[in-house]
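Participant: Data: coords36.txt, compact mmCIF, C-alpha atoms.
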```txt
# COMPACT_ATOMS: atom_id res chain seq x y z
CA MET P 10 4.74 -4.95 9.35
CA ALA P 11 5.56 -2.77 12.37
CA LYS P 12 5.58 0.97 12.83
CA GLU P 13 8.47 2.27 14.89
CA ILE P 14 8.72 5.51 16.80
CA GLU P 15 12.30 6.14 17.87
CA ARG P 16 14.08 8.97 19.66
CA LYS P 17 17.84 9.24 19.39
CA TYR P 18 20.40 10.95 21.67
CA LEU P 19 24.13 11.44 21.99
CA VAL P 20 25.73 9.62 24.95
CA LYS P 21 27.88 11.20 27.69
CA GLY P 22 30.55 9.43 29.78
CA ASP P 23 30.99 5.70 30.40
CA ALA P 24 28.53 4.93 33.24
CA TRP P 25 26.28 2.98 30.79
CA ARG P 26 29.04 0.45 29.96
CA LYS P 27 28.62 -1.59 33.15
CA LEU P 28 24.84 -1.96 32.59
CA ALA P 29 24.88 -4.43 29.66
CA GLN P 30 26.93 -6.87 27.55
CA GLY P 31 27.40 -5.74 23.97
CA VAL P 32 26.56 -7.73 20.82
CA HIS P 33 28.47 -7.19 17.59
CA TYR P 34 26.57 -5.95 14.52
CA ARG P 35 27.78 -5.69 10.92
CA GLN P 36 25.34 -3.98 8.60
CA GLY P 37 25.12 -2.59 5.12
CA TYR P 38 22.59 -1.12 2.74
CA LEU P 39 21.21 -2.48 -0.53
CA ASN P 40 19.41 0.86 -0.79
CA SER P 41 19.92 3.95 1.34
CA ALA P 42 17.51 6.33 -0.44
CA LYS P 43 15.24 8.41 1.78
CA GLU P 44 12.10 6.97 0.06
CA ARG P 45 12.94 3.39 1.10
CA THR P 46 15.92 1.65 2.72
CA VAL P 47 16.90 -2.02 2.46
CA ARG P 48 19.34 -3.06 5.17
CA ILE P 49 21.12 -6.38 5.74
CA ARG P 50 22.58 -7.04 9.17
CA THR P 51 24.35 -9.71 11.19
CA VAL P 52 23.48 -9.67 14.91
CA GLY P 53 25.89 -11.97 16.73
CA GLU P 54 25.33 -15.31 14.90
CA LYS P 55 22.02 -14.35 13.23
CA ALA P 56 21.11 -12.30 10.17
CA VAL P 57 18.12 -10.28 8.90
CA ILE P 58 17.02 -8.20 5.93
CA THR P 59 14.95 -5.12 6.80
CA VAL P 60 12.88 -2.86 4.54
CA LYS P 61 11.90 0.56 5.89
CA GLY P 62 9.74 3.32 4.45
CA PRO P 63 10.41 7.04 4.62
CA THR P 64 10.61 8.72 8.04
CA ILE P 65 7.45 10.78 8.61
CA GLY P 66 7.89 12.74 11.85
CA VAL P 67 9.51 10.07 14.06
CA THR P 68 7.45 7.20 12.52
CA ARG P 69 8.23 4.81 9.63
CA MET P 70 6.99 1.48 8.16
CA GLU P 71 9.27 -1.50 8.80
CA PHE P 72 9.37 -5.10 7.51
CA GLU P 73 12.02 -7.56 8.77
CA TYR P 74 12.86 -11.15 7.75
CA SER P 75 15.46 -13.69 8.93
CA ILE P 76 17.97 -14.81 6.29
CA PRO P 77 20.87 -17.31 6.34
CA PHE P 78 23.99 -15.87 8.05
CA SER P 79 26.31 -16.92 5.19
CA ASP P 80 24.09 -15.22 2.58
CA CYS P 81 24.21 -12.04 4.66
CA VAL P 82 28.02 -12.08 4.91
CA THR P 83 28.34 -12.59 1.13
CA MET P 84 25.92 -9.72 0.44
CA LEU P 85 27.71 -7.43 2.95
CA GLU P 86 31.05 -8.10 1.28
CA LYS P 87 30.00 -8.28 -2.40
CA LEU P 88 26.75 -6.31 -2.91
CA ALA P 89 26.18 -3.75 -0.14
CA GLU P 90 27.12 -0.08 -0.42
CA GLN P 91 30.63 0.31 0.99
CA PRO P 92 31.92 0.86 3.63
CA ILE P 93 29.66 -1.34 5.78
CA ILE P 94 28.86 -0.25 9.35
CA GLU P 95 30.37 -2.08 12.32
CA LYS P 96 29.11 -1.42 15.82
CA THR P 97 28.49 -2.98 19.23
CA ARG P 98 24.97 -2.65 20.57
CA TYR P 99 24.23 -2.55 24.32
CA LYS P 100 20.60 -3.06 25.40
CA ILE P 101 19.78 -1.44 28.74
CA PRO P 102 16.25 -2.00 30.17
CA MET P 103 14.88 1.01 32.08
CA GLY P 104 11.29 1.19 33.33
CA SER P 105 8.93 -0.07 30.60
CA PHE P 106 11.43 0.61 27.80
CA THR P 107 14.91 -0.38 26.62
CA TRP P 108 17.74 1.96 25.68
CA GLU P 109 19.86 0.72 22.79
CA ILE P 110 23.35 2.18 22.78
CA ASP P 111 25.39 1.85 19.58
CA GLU P 112 29.16 2.26 19.80
CA PHE P 113 30.55 2.56 16.28
CA PHE P 114 33.91 1.37 14.91
CA GLY P 115 35.93 1.80 11.72
CA VAL P 116 35.13 4.99 9.78
CA ASN P 117 32.51 5.93 12.41
CA ALA P 118 34.75 5.37 15.48
CA GLY P 119 34.09 7.93 18.24
CA LEU P 120 30.34 8.04 17.63
CA ILE P 121 28.09 6.66 20.42
CA VAL P 122 24.31 7.13 20.24
CA ALA P 123 21.37 5.92 22.34
CA GLU P 124 17.92 5.12 20.96
CA ILE P 125 14.61 4.38 22.64
CA GLU P 126 11.56 2.91 20.87
CA LEU P 127 8.22 4.24 22.11
CA PRO P 128 4.55 3.28 21.59
CA SER P 129 3.52 6.83 20.62
CA GLU P 130 5.15 10.15 19.84
CA ASP P 131 4.19 11.74 23.19
CA THR P 132 4.98 8.83 25.57
CA PRO P 133 6.92 10.05 28.68
CA PHE P 134 10.10 8.13 29.62
CA GLU P 135 13.04 8.34 32.05
CA LYS P 136 16.33 9.92 30.86
CA PRO P 137 19.44 8.66 32.69
CA ASP P 138 22.44 10.99 33.35
CA TRP P 139 24.43 9.59 30.41
CA ILE P 140 21.81 10.78 27.88
CA GLY P 141 22.98 13.95 26.10
CA GLU P 142 21.65 16.09 23.26
CA GLU P 143 18.66 14.79 21.21
CA VAL P 144 19.50 14.14 17.54
CA SER P 145 16.26 12.35 16.40
CA GLY P 146 15.60 14.76 13.54
CA ASP P 147 19.21 15.09 12.35
CA PRO P 148 19.70 12.99 9.19
CA ARG P 149 23.51 12.87 9.67
CA TYR P 150 22.91 10.31 12.42
CA PHE P 151 20.76 7.95 10.31
CA ASN P 152 22.76 4.72 9.98
CA SER P 153 21.99 4.83 6.24
CA ASN P 154 23.83 8.18 6.01
CA LEU P 155 26.85 7.00 8.04
CA VAL P 156 27.91 4.98 4.96
CA ALA P 157 28.33 7.85 2.50
CA HIS P 158 29.19 10.41 5.22
CA PRO P 159 30.96 8.63 8.10
CA PHE P 160 31.42 10.39 11.47
CA SER P 161 35.22 10.63 10.89
CA THR P 162 34.59 12.99 7.93
CA TRP P 163 32.16 15.41 9.64
CA GLY P 164 33.36 19.01 9.83
CA LYS P 165 36.09 18.35 7.24
CA MET F 20 22.91 -18.06 -3.23
CA ALA F 21 22.50 -19.13 -6.86
CA LYS F 22 24.18 -17.91 -10.03
CA GLU F 23 21.84 -17.59 -12.98
CA ILE F 24 22.71 -17.65 -16.67
CA GLU F 25 19.77 -16.46 -18.71
CA ARG F 26 19.17 -15.83 -22.40
CA LYS F 27 16.23 -13.69 -23.46
CA TYR F 28 14.33 -13.54 -26.80
CA LEU F 29 11.38 -11.76 -28.34
CA VAL F 30 8.38 -14.02 -29.07
CA LYS F 31 6.65 -14.47 -32.47
CA GLY F 32 3.01 -15.53 -33.01
CA ASP F 33 0.68 -17.33 -30.59
CA ALA F 34 1.62 -21.03 -30.97
CA TRP F 35 3.17 -21.02 -27.47
CA ARG F 36 -0.13 -20.09 -25.76
CA LYS F 37 -1.62 -23.59 -25.92
CA LEU F 38 1.50 -25.12 -24.27
CA ALA F 39 1.03 -23.84 -20.69
CA GLN F 40 -1.28 -22.21 -18.14
CA GLY F 41 -0.20 -18.74 -17.08
CA VAL F 42 0.37 -17.52 -13.49
CA HIS F 43 -0.13 -13.87 -12.57
CA TYR F 44 2.86 -11.89 -11.24
CA ARG F 45 2.92 -8.42 -9.67
CA GLN F 46 6.40 -7.10 -9.00
CA GLY F 47 8.17 -3.95 -8.01
CA TYR F 48 11.63 -2.72 -7.10
CA LEU F 49 12.98 -1.43 -3.80
CA ASN F 50 16.18 -0.74 -5.73
CA SER F 51 16.69 -0.89 -9.49
CA ALA F 52 20.33 0.31 -9.67
CA LYS F 53 22.65 -1.65 -11.95
CA GLU F 54 25.02 -2.44 -9.02
CA ARG F 55 22.28 -4.28 -7.08
CA THR F 56 18.54 -4.81 -7.45
CA VAL F 57 16.01 -5.63 -4.73
CA ARG F 58 12.75 -6.98 -6.13
CA ILE F 59 9.51 -7.91 -4.36
CA ARG F 60 7.07 -10.12 -6.23
CA THR F 61 3.76 -11.92 -5.80
CA VAL F 62 3.54 -15.21 -7.74
CA GLY F 63 -0.06 -16.43 -7.67
CA GLU F 64 -0.75 -16.64 -3.89
CA LYS F 65 2.91 -16.55 -2.78
CA ALA F 66 5.47 -13.77 -2.35
CA VAL F 67 9.27 -13.41 -2.38
CA ILE F 68 11.99 -10.79 -1.97
CA THR F 69 14.98 -11.21 -4.32
CA VAL F 70 18.40 -9.54 -4.21
CA LYS F 71 20.53 -9.66 -7.37
CA GLY F 72 24.05 -8.48 -8.09
CA PRO F 73 25.25 -6.74 -11.26
CA THR F 74 24.99 -8.60 -14.57
CA ILE F 75 28.48 -9.72 -15.65
CA GLY F 76 28.21 -11.21 -19.15
CA VAL F 77 24.98 -13.22 -18.79
CA THR F 78 25.71 -14.19 -15.13
CA ARG F 79 24.66 -12.59 -11.84
CA MET F 80 24.46 -13.42 -8.10
CA GLU F 81 20.95 -14.03 -6.76
CA PHE F 82 19.45 -14.47 -3.25
CA GLU F 83 15.72 -15.16 -2.78
CA TYR F 84 13.55 -15.43 0.36
CA SER F 85 9.83 -16.13 0.95
CA ILE F 86 7.91 -13.33 2.66
CA PRO F 87 4.26 -12.98 3.79
CA PHE F 88 1.90 -12.20 0.87
CA SER F 89 0.21 -9.30 2.71
CA ASP F 90 3.59 -7.66 3.49
CA CYS F 91 4.47 -7.90 -0.20
CA VAL F 92 1.21 -6.27 -1.31
CA THR F 93 1.71 -3.40 1.18
CA MET F 94 5.30 -2.87 0.00
CA LEU F 95 4.25 -3.00 -3.70
CA GLU F 96 1.58 -0.35 -3.10
CA LYS F 97 3.36 1.90 -0.56
CA LEU F 98 7.13 1.52 -0.94
CA ALA F 99 8.13 0.16 -4.36
CA GLU F 100 9.19 2.33 -7.29
CA GLN F 101 6.08 3.11 -9.34
CA PRO F 102 4.58 1.89 -11.64
CA ILE F 103 4.83 -1.76 -10.57
CA ILE F 104 5.08 -4.45 -13.26
CA GLU F 105 2.15 -6.79 -13.99
CA LYS F 106 2.61 -9.84 -16.19
CA THR F 107 1.46 -13.41 -16.76
CA ARG F 108 4.21 -16.03 -16.86
CA TYR F 109 3.87 -19.25 -18.89
CA LYS F 110 6.39 -22.05 -18.14
CA ILE F 111 6.98 -24.37 -21.10
CA PRO F 112 9.30 -27.40 -20.54
CA MET F 113 11.39 -28.31 -23.61
CA GLY F 114 14.14 -30.96 -23.51
CA SER F 115 16.21 -30.49 -20.31
CA PHE F 116 15.19 -26.84 -19.93
CA THR F 117 12.12 -24.65 -19.39
CA TRP F 118 11.13 -21.59 -21.43
CA GLU F 119 9.53 -18.84 -19.37
CA ILE F 120 7.32 -16.53 -21.43
CA ASP F 121 6.30 -13.21 -19.87
CA GLU F 122 3.31 -11.38 -21.33
CA PHE F 123 3.22 -7.87 -19.90
CA PHE F 124 0.19 -5.69 -19.11
CA GLY F 125 -0.45 -2.07 -18.14
CA VAL F 126 2.28 0.37 -19.26
CA ASN F 127 4.23 -2.55 -20.81
CA ALA F 128 1.27 -4.09 -22.74
CA GLY F 129 2.35 -5.50 -26.13
CA LEU F 130 5.69 -6.79 -24.86
CA ILE F 131 6.16 -10.59 -24.79
CA VAL F 132 9.60 -12.08 -24.04
CA ALA F 133 10.89 -15.63 -23.54
CA GLU F 134 13.76 -16.56 -21.20
CA ILE F 135 15.71 -19.75 -20.71
CA GLU F 136 18.02 -20.46 -17.74
CA LEU F 137 21.12 -22.50 -18.60
CA PRO F 138 23.85 -24.25 -16.57
CA SER F 139 26.69 -22.55 -18.49
CA GLU F 140 27.15 -19.78 -21.03
CA ASP F 141 27.85 -22.19 -23.93
CA THR F 142 25.15 -24.85 -23.26
CA PRO F 143 23.32 -25.83 -26.51
CA PHE F 144 19.48 -25.80 -26.43
CA GLU F 145 16.50 -26.18 -28.78
CA LYS F 146 14.83 -23.02 -30.17
CA PRO F 147 11.15 -23.47 -31.10
CA ASP F 148 9.60 -21.57 -34.08
CA TRP F 149 8.04 -18.91 -31.85
CA ILE F 150 11.46 -17.72 -30.60
CA GLY F 151 12.49 -14.49 -32.34
CA GLU F 152 15.39 -12.05 -32.00
CA GLU F 153 17.78 -12.43 -29.01
CA VAL F 154 17.72 -9.45 -26.62
CA SER F 155 19.85 -10.87 -23.74
CA GLY F 156 22.31 -7.99 -23.76
CA ASP F 157 19.78 -5.17 -24.29
CA PRO F 158 19.20 -3.35 -20.98
CA ARG F 159 15.84 -1.94 -22.19
CA TYR F 160 14.36 -5.41 -21.63
CA PHE F 161 15.57 -5.76 -18.00
CA ASN F 162 12.44 -5.88 -15.84
CA SER F 163 14.11 -3.31 -13.58
CA ASN F 164 14.25 -0.86 -16.53
CA LEU F 165 10.62 -1.46 -17.59
CA VAL F 166 9.55 0.61 -14.54
CA ALA F 167 11.25 3.90 -15.46
CA HIS F 168 11.08 3.25 -19.24
CA PRO F 169 7.96 1.12 -19.99
CA PHE F 170 7.54 -0.54 -23.41
CA SER F 171 4.67 1.83 -24.28
CA THR F 172 7.11 4.79 -24.25
CA TRP F 173 9.84 3.28 -26.46
CA GLY F 174 10.53 5.17 -29.67
CA LYS F 175 8.64 8.22 -28.41
```
Translate the structure described by the file into structure tokens.
Facilitator:
Amino acid sequence: MAKEIERKYLVKGDAWRKLAQGVHYRQGYLNSAKERTVRIRTVGEKAVITVKGPTIGVTRMEFEYSIPFSDCVTMLEKLAEQPIIEKTRYKIPMGSFTWEIDEFFGVNAGLIVAEIELPSEDTPFEKPDWIGEEVSGDPRYFNSNLVAHPFSTWGK
Amino acid sequence: MAKEIERKYLVKGDAWRKLAQGVHYRQGYLNSAKERTVRIRTVGEKAVITVKGPTIGVTRMEFEYSIPFSDCVTMLEKLAEQPIIEKTRYKIPMGSFTWEIDEFFGVNAGLIVAEIELPSEDTPFEKPDWIGEEVSGDPRYFNSNLVAHPFSTWGK
């Protein structure tokens, strides 16, 4: 079990693209309730199932287990809430931490967000020029909410 | 991934008790929707997470993975839908098959059901004297429904 503290930002411009190679993710939810989420995800050629507790401040409980890739694909196609999320993740090390930039496709095309995982809620960290507005507390940006309310439908 | 075909019956009398040693189960749900269930369960000293698809006839998709026992206990206490289910399971081999008898405790005390897993929907099998009424198609007896609607509240 791990506790994660994450801060999330919108991304400006394209300067970040040359800093990392992207890896393709396909992910879906077996539960997307705010009390507990169960996510299945392929990461390149691997697959995991992840259980998370409710977000309290910027902290939540997390449990993650490896599963067979073919099981994950079957569950994504047959059992997960639809539509599933497709994105490319770029990991960019900076100082002691790593920025994770997610560029979304499909029904969430146009959305690009950056996340940083921190050891405590008040840890200082460097913000590069391509980091825009903070959206950590905005539930519209939770991946679990991008299924029922994709980016392409916002403001409609 | 396995497909399971199960038939479920009420149990009469106590003659089955001398046929097996029971093992204690604690289980809870991270999702109990009819479209997909996610169950976590301790079985004696072990623990598993199980994803099941919707029941179609008496058949459903099932995926099961071992997880650390201590993770499972934390998830049962902190994240699962409450109340969790506590039962003792007795496995009784008979012919080519095995009867699984579940004796429930806590909010489901008084409920005892027997299940048999079969290779196809029309497979013949032996029914001992302590097998009562079939309840395979009755959703009240789904373990996932015994959380929100425990046996002790039926008919109230």
Participant: Which one of P:Phe72, P:Phe160, P:Phe78, P:Phe134 sits closest to chain F if you count all atoms listed in the file?
Facilitator: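 Residue with the minimum atom-to-atom distance to chain F: P:Phe72.
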Participant: Each residue of chain P with at least one atom at most 9 Å from chain F should appear once, together with its nearest atom pair and the corresponding distance in Å (one decimal); atoms considered: all atoms listed in the file; ordering: chain, then increasing residue number; output as a tab-separated table.
Facilitator:
```
residue	atom	partner	partner_atom	distance
P:Met10	CA	F:Asp90	CA	6.6
P:Leu39	CA	F:Arg55	CA	6.9
P:Asn40	CA	F:Asn50	CA	6.1
P:Ala42	CA	F:Asn50	CA	8.9
P:Glu44	CA	F:Leu98	CA	7.4
P:Arg45	CA	F:Leu98	CA	6.4
P:Thr46	CA	F:Leu49	CA	7.8
P:Val47	CA	F:Leu49	CA	7.4
P:Val60	CA	F:Leu49	CA	8.5
P:Lys61	CA	F:Leu98	CA	8.4
P:Gly62	CA	F:Leu98	CA	6.3
P:Pro63	CA	F:Leu98	CA	8.5
P:Phe72	CA	F:Asp90	CA	7.5
P:Tyr74	CA	F:Ile86	CA	7.4
P:Ser75	CA	F:Tyr84	CA	9.0
P:Ile76	CA	F:Tyr84	CA	7.4
P:Asp80	CA	F:Met20	CA	6.6
P:Thr83	CA	F:Met20	CA	8.9
P:Met84	CA	F:Gly72	CA	8.8
P:Lys87	CA	F:Gly72	CA	8.2
P:Leu88	CA	F:Gly72	CA	6.2
P:Ala89	CA	F:Arg55	CA	8.0
```
Participant: Tell me, as a PDB file with C-alpha atoms, keeping the file's coordinate frame, which residues lie within 12 Å of Tyr99 of chain P, counting all atoms listed in the file; anything in the same chain fewer than 4 positions away does not count.
Facilitator:
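The resulting file, result.pdb, is shown below:
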```pdb
ATOM      1  CA  TRP P  25      26.280   2.980  30.790  1.00  0.00           C
ATOM      2  CA  ARG P  26      29.040   0.450  29.960  1.00  0.00           C
ATOM      3  CA  LYS P  27      28.620  -1.590  33.150  1.00  0.00           C
ATOM      4  CA  LEU P  28      24.840  -1.960  32.590  1.00  0.00           C
ATOM      5  CA  ALA P  29      24.880  -4.430  29.660  1.00  0.00           C
ATOM      6  CA  GLN P  30      26.930  -6.870  27.550  1.00  0.00           C
ATOM      7  CA  GLY P  31      27.400  -5.740  23.970  1.00  0.00           C
ATOM      8  CA  VAL P  32      26.560  -7.730  20.820  1.00  0.00           C
ATOM      9  CA  HIS P  33      28.470  -7.190  17.590  1.00  0.00           C
ATOM     10  CA  TYR P  34      26.570  -5.950  14.520  1.00  0.00           C
ATOM     11  CA  VAL P  52      23.480  -9.670  14.910  1.00  0.00           C
ATOM     12  CA  THR P 107      14.910  -0.380  26.620  1.00  0.00           C
ATOM     13  CA  TRP P 108      17.740   1.960  25.680  1.00  0.00           C
ATOM     14  CA  GLU P 109      19.860   0.720  22.790  1.00  0.00           C
ATOM     15  CA  ILE P 110      23.350   2.180  22.780  1.00  0.00           C
ATOM     16  CA  ASP P 111      25.390   1.850  19.580  1.00  0.00           C
ATOM     17  CA  GLU P 112      29.160   2.260  19.800  1.00  0.00           C
ATOM     18  CA  PHE P 113      30.550   2.560  16.280  1.00  0.00           C
ATOM     19  CA  ILE P 121      28.090   6.660  20.420  1.00  0.00           C
ATOM     20  CA  VAL P 122      24.310   7.130  20.240  1.00  0.00           C
ATOM     21  CA  ALA P 123      21.370   5.920  22.340  1.00  0.00           C
ATOM     22  CA  GLU P 124      17.920   5.120  20.960  1.00  0.00           C
ATOM     23  CA  ILE P 125      14.610   4.380  22.640  1.00  0.00           C
TER      24      ILE P 125
END
```
Participant: Record the distance separating atom CA of Pro102 of chain P and atom CA of Tyr38 of chain P, expressed in Å with one decimal.
Facilitator: 28.2 Å
Participant: Calculate how many Å separate atom CA of Ser145 of chain P from atom CA of Ile101 of chain P, rounding to one decimal.
Facilitator: 18.8 Å
Participant: Step by step: start from the point (10.4, -20.9, -29.6) in the file's coordinates, keep every protein, DNA or RNA residue that has an atom no farther than 9 Å from it, count all atoms listed in the file, and write the set as number ranges by chain.
Facilitator: F: 28, 30-31, 34-35, 118, 133, 145-151
Participant: Padding of 6 Å on every side, edges along x, y and z, all listed atoms of segment 157-173 of chain F included: what centre and edge lengths in Å, to one decimal, does that box have, as AutoDock Vina command-line options?
Facilitator:
```
--center_x 12.2 --center_y -0.5 --center_z -20.0 --size_x 27.1 --size_y 22.7 --size_z 24.9
```
